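Notes follow once the structure below has been shown.
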Amino acid sequence: MRHELTYRSDLLVLFPAVNGERDLGIKGHCIATVQANAVHFAERYLVMETNVRRFTDEHGNEVRLSDERLQHILRRHPEMAFQLHRFAETLASPDVVSPSRSSPSIQLYYRLYPDLRGRNRYICLVVKRETDYSFILTAYLDRRIKGE
């Protein structure tokens, strides 16, 4: 069973209701209106044992997001709970891909979104390249591209 976040506004996220949860009358959805609740629900519904999400970057290479990395992102950068639906777009069509200063096998994918926190913000996905595939280490919002 797959659950996805649906972006509604800066403070409103819909999640599928599950057995035993109270349905708030919006076609089987319960509503989380504060960021802490959004992170809790995102961890509960998106983080399932040994589940790996697969994306494709701008060159057609596979990029994975493991449960462990998703938990890290949601705990360290809770604002990203509202931006998970933008990961695929950022990887497939980044504005800038820059190398990491710390390791040649790490790349930073940036995509500018004008509607984040009421102003222009970049979503940055930090991706480590392996021989067969790549995986997302972390993700965060940034005002500028590092190194510029």
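Every chain in the structure tokens takes a letter, A first, then B, and so on in the order presented; its residues are numbered from 1, and the ligands are numbered from 1 following the presented order.
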Set the distance at 12 Å and use only C-alpha atoms: which residues neighbour Glu58 (chain A) once local chain neighbours fewer than 2 positions away are removed? I'd like the list as an MDAnalysis selection string.
chainID A and resid 55:56 60:63 88:97 109
Neighbours of Ile123 (chain A) within 12 Å (only C-alpha atoms; same-chain residues fewer than 4 positions away dropped), as a ChimeraX atom specification?
/A:77,79-80,82-91,93-97,108-117,138-146
With N, CA, C and O atoms kept, could you save the residues just selected as a compact mmCIF listing (two decimals), in the first residue's frame?
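As written to disk, result.txt reads:
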```
# COMPACT_ATOMS: atom_id res chain seq x y z
N HIS A 77 15.20 18.34 9.13
CA HIS A 77 14.66 19.42 8.30
C HIS A 77 13.14 19.23 8.18
O HIS A 77 12.64 18.86 7.12
N GLU A 79 10.68 21.06 7.74
CA GLU A 79 9.99 21.81 6.69
C GLU A 79 9.92 21.02 5.38
O GLU A 79 9.08 21.29 4.53
N MET A 80 10.77 20.02 5.23
CA MET A 80 10.77 19.21 4.01
C MET A 80 9.59 18.25 3.95
O MET A 80 9.29 17.69 2.90
N PHE A 82 6.66 19.04 3.79
CA PHE A 82 5.73 19.64 2.84
C PHE A 82 6.28 19.66 1.42
O PHE A 82 5.61 20.11 0.51
N GLN A 83 7.51 19.20 1.22
CA GLN A 83 8.16 19.31 -0.09
C GLN A 83 8.54 17.97 -0.70
O GLN A 83 9.17 17.94 -1.75
N LEU A 84 8.15 16.88 -0.10
CA LEU A 84 8.55 15.56 -0.60
C LEU A 84 8.08 15.31 -2.03
O LEU A 84 8.75 14.62 -2.80
N HIS A 85 6.96 15.88 -2.39
CA HIS A 85 6.43 15.69 -3.74
C HIS A 85 7.30 16.38 -4.79
O HIS A 85 7.16 16.11 -5.98
N ARG A 86 8.21 17.24 -4.38
CA ARG A 86 9.06 17.97 -5.31
C ARG A 86 10.43 17.32 -5.53
O ARG A 86 11.22 17.81 -6.33
N PHE A 87 10.70 16.23 -4.86
CA PHE A 87 11.99 15.55 -5.01
C PHE A 87 12.20 15.06 -6.44
O PHE A 87 13.27 15.24 -7.02
N ALA A 88 11.21 14.41 -7.01
CA ALA A 88 11.34 13.86 -8.37
C ALA A 88 11.59 14.97 -9.39
O ALA A 88 12.45 14.83 -10.26
N GLU A 89 10.88 16.07 -9.25
CA GLU A 89 11.06 17.19 -10.18
C GLU A 89 12.44 17.83 -10.03
O GLU A 89 13.08 18.17 -11.02
N THR A 90 12.91 17.95 -8.80
CA THR A 90 14.24 18.54 -8.56
C THR A 90 15.33 17.66 -9.16
O THR A 90 16.28 18.18 -9.75
N LEU A 91 15.20 16.35 -9.05
CA LEU A 91 16.20 15.45 -9.63
C LEU A 91 16.13 15.40 -11.15
O LEU A 91 17.15 15.40 -11.83
N SER A 93 14.81 17.63 -13.26
CA SER A 93 15.00 18.90 -13.95
C SER A 93 15.59 19.95 -13.01
O SER A 93 14.94 20.94 -12.69
N PRO A 94 16.84 19.74 -12.58
CA PRO A 94 17.44 20.70 -11.65
C PRO A 94 17.85 21.98 -12.36
O PRO A 94 18.13 21.98 -13.56
N ASP A 95 17.88 23.08 -11.62
CA ASP A 95 18.40 24.34 -12.17
C ASP A 95 19.93 24.29 -12.20
O ASP A 95 20.55 24.77 -13.15
N VAL A 96 20.52 23.70 -11.16
CA VAL A 96 21.97 23.60 -11.05
C VAL A 96 22.31 22.28 -10.37
O VAL A 96 21.64 21.88 -9.43
N VAL A 97 23.36 21.63 -10.86
CA VAL A 97 23.95 20.48 -10.17
C VAL A 97 25.39 20.85 -9.90
O VAL A 97 26.16 21.09 -10.82
N LEU A 108 25.13 18.13 -5.41
CA LEU A 108 24.01 18.87 -4.86
C LEU A 108 23.10 19.31 -6.00
O LEU A 108 23.54 20.02 -6.91
N TYR A 109 21.85 18.86 -5.97
CA TYR A 109 20.85 19.21 -6.97
C TYR A 109 20.01 20.35 -6.43
O TYR A 109 19.38 20.22 -5.37
N TYR A 110 19.96 21.46 -7.16
CA TYR A 110 19.19 22.63 -6.74
C TYR A 110 18.08 22.92 -7.75
O TYR A 110 18.31 22.85 -8.95
N ARG A 111 16.93 23.27 -7.22
CA ARG A 111 15.83 23.74 -8.07
C ARG A 111 15.13 24.87 -7.31
O ARG A 111 14.79 24.72 -6.14
N LEU A 112 14.93 25.98 -8.00
CA LEU A 112 14.32 27.16 -7.40
C LEU A 112 12.80 27.06 -7.45
O LEU A 112 12.22 26.74 -8.49
N TYR A 113 12.17 27.33 -6.31
CA TYR A 113 10.72 27.39 -6.21
C TYR A 113 10.35 28.76 -5.63
O TYR A 113 10.78 29.09 -4.53
N PRO A 114 9.57 29.55 -6.34
CA PRO A 114 9.26 30.91 -5.88
C PRO A 114 8.24 30.97 -4.74
O PRO A 114 8.08 32.01 -4.13
N ASP A 115 7.58 29.88 -4.43
CA ASP A 115 6.48 29.91 -3.47
C ASP A 115 6.82 29.27 -2.11
O ASP A 115 5.93 29.01 -1.33
N LEU A 116 8.08 29.07 -1.81
CA LEU A 116 8.44 28.44 -0.55
C LEU A 116 8.67 29.48 0.53
O LEU A 116 9.49 30.39 0.36
N ARG A 117 7.94 29.36 1.62
CA ARG A 117 8.03 30.29 2.74
C ARG A 117 7.81 31.73 2.30
O ARG A 117 8.43 32.66 2.81
N THR A 138 20.56 13.72 2.10
CA THR A 138 19.71 14.65 2.84
C THR A 138 19.07 15.63 1.87
O THR A 138 19.40 15.65 0.68
N ALA A 139 18.16 16.43 2.39
CA ALA A 139 17.48 17.46 1.59
C ALA A 139 17.14 18.61 2.51
O ALA A 139 16.83 18.41 3.69
N TYR A 140 17.20 19.82 1.98
CA TYR A 140 16.89 20.99 2.78
C TYR A 140 16.54 22.16 1.87
O TYR A 140 16.76 22.11 0.66
N LEU A 141 15.97 23.21 2.47
CA LEU A 141 15.69 24.45 1.75
C LEU A 141 16.87 25.39 1.93
O LEU A 141 17.48 25.44 2.99
N ASP A 142 17.17 26.15 0.88
CA ASP A 142 18.27 27.10 0.95
C ASP A 142 17.93 28.36 0.18
O ASP A 142 17.16 28.30 -0.79
N ARG A 143 18.49 29.49 0.61
CA ARG A 143 18.24 30.76 -0.07
C ARG A 143 19.13 30.94 -1.29
O ARG A 143 18.80 31.71 -2.18
N ARG A 144 20.25 30.25 -1.31
CA ARG A 144 21.19 30.41 -2.42
C ARG A 144 21.89 29.10 -2.70
O ARG A 144 21.89 28.19 -1.87
N ILE A 145 22.53 29.05 -3.86
CA ILE A 145 23.30 27.87 -4.25
C ILE A 145 24.67 27.98 -3.60
O ILE A 145 25.32 29.02 -3.66
N LYS A 146 25.11 26.91 -2.97
CA LYS A 146 26.42 26.90 -2.30
C LYS A 146 27.53 27.08 -3.34
O LYS A 146 27.48 26.52 -4.42
```
Among the residues A:Leu125, A:Ala81, A:Leu137, A:Ile73, the one that comes closest to Asp57 (chain A) [using only C-alpha atoms]:
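That would be A:Leu125, the residue with the smallest distance to Asp57 (chain A).
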Between CA of Asp67 (chain A) and CA of Val127 (chain A), distance in Å (one decimal):
15.1 Å
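You will find CA of Gln107 (chain A) at 19.4 Å from CA of Arg76 (chain A).
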Atomic separation - CA of Leu65 (chain A) relative to CA of Arg53 (chain A), Å
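Computing it gives 5.1 Å between the two atoms.
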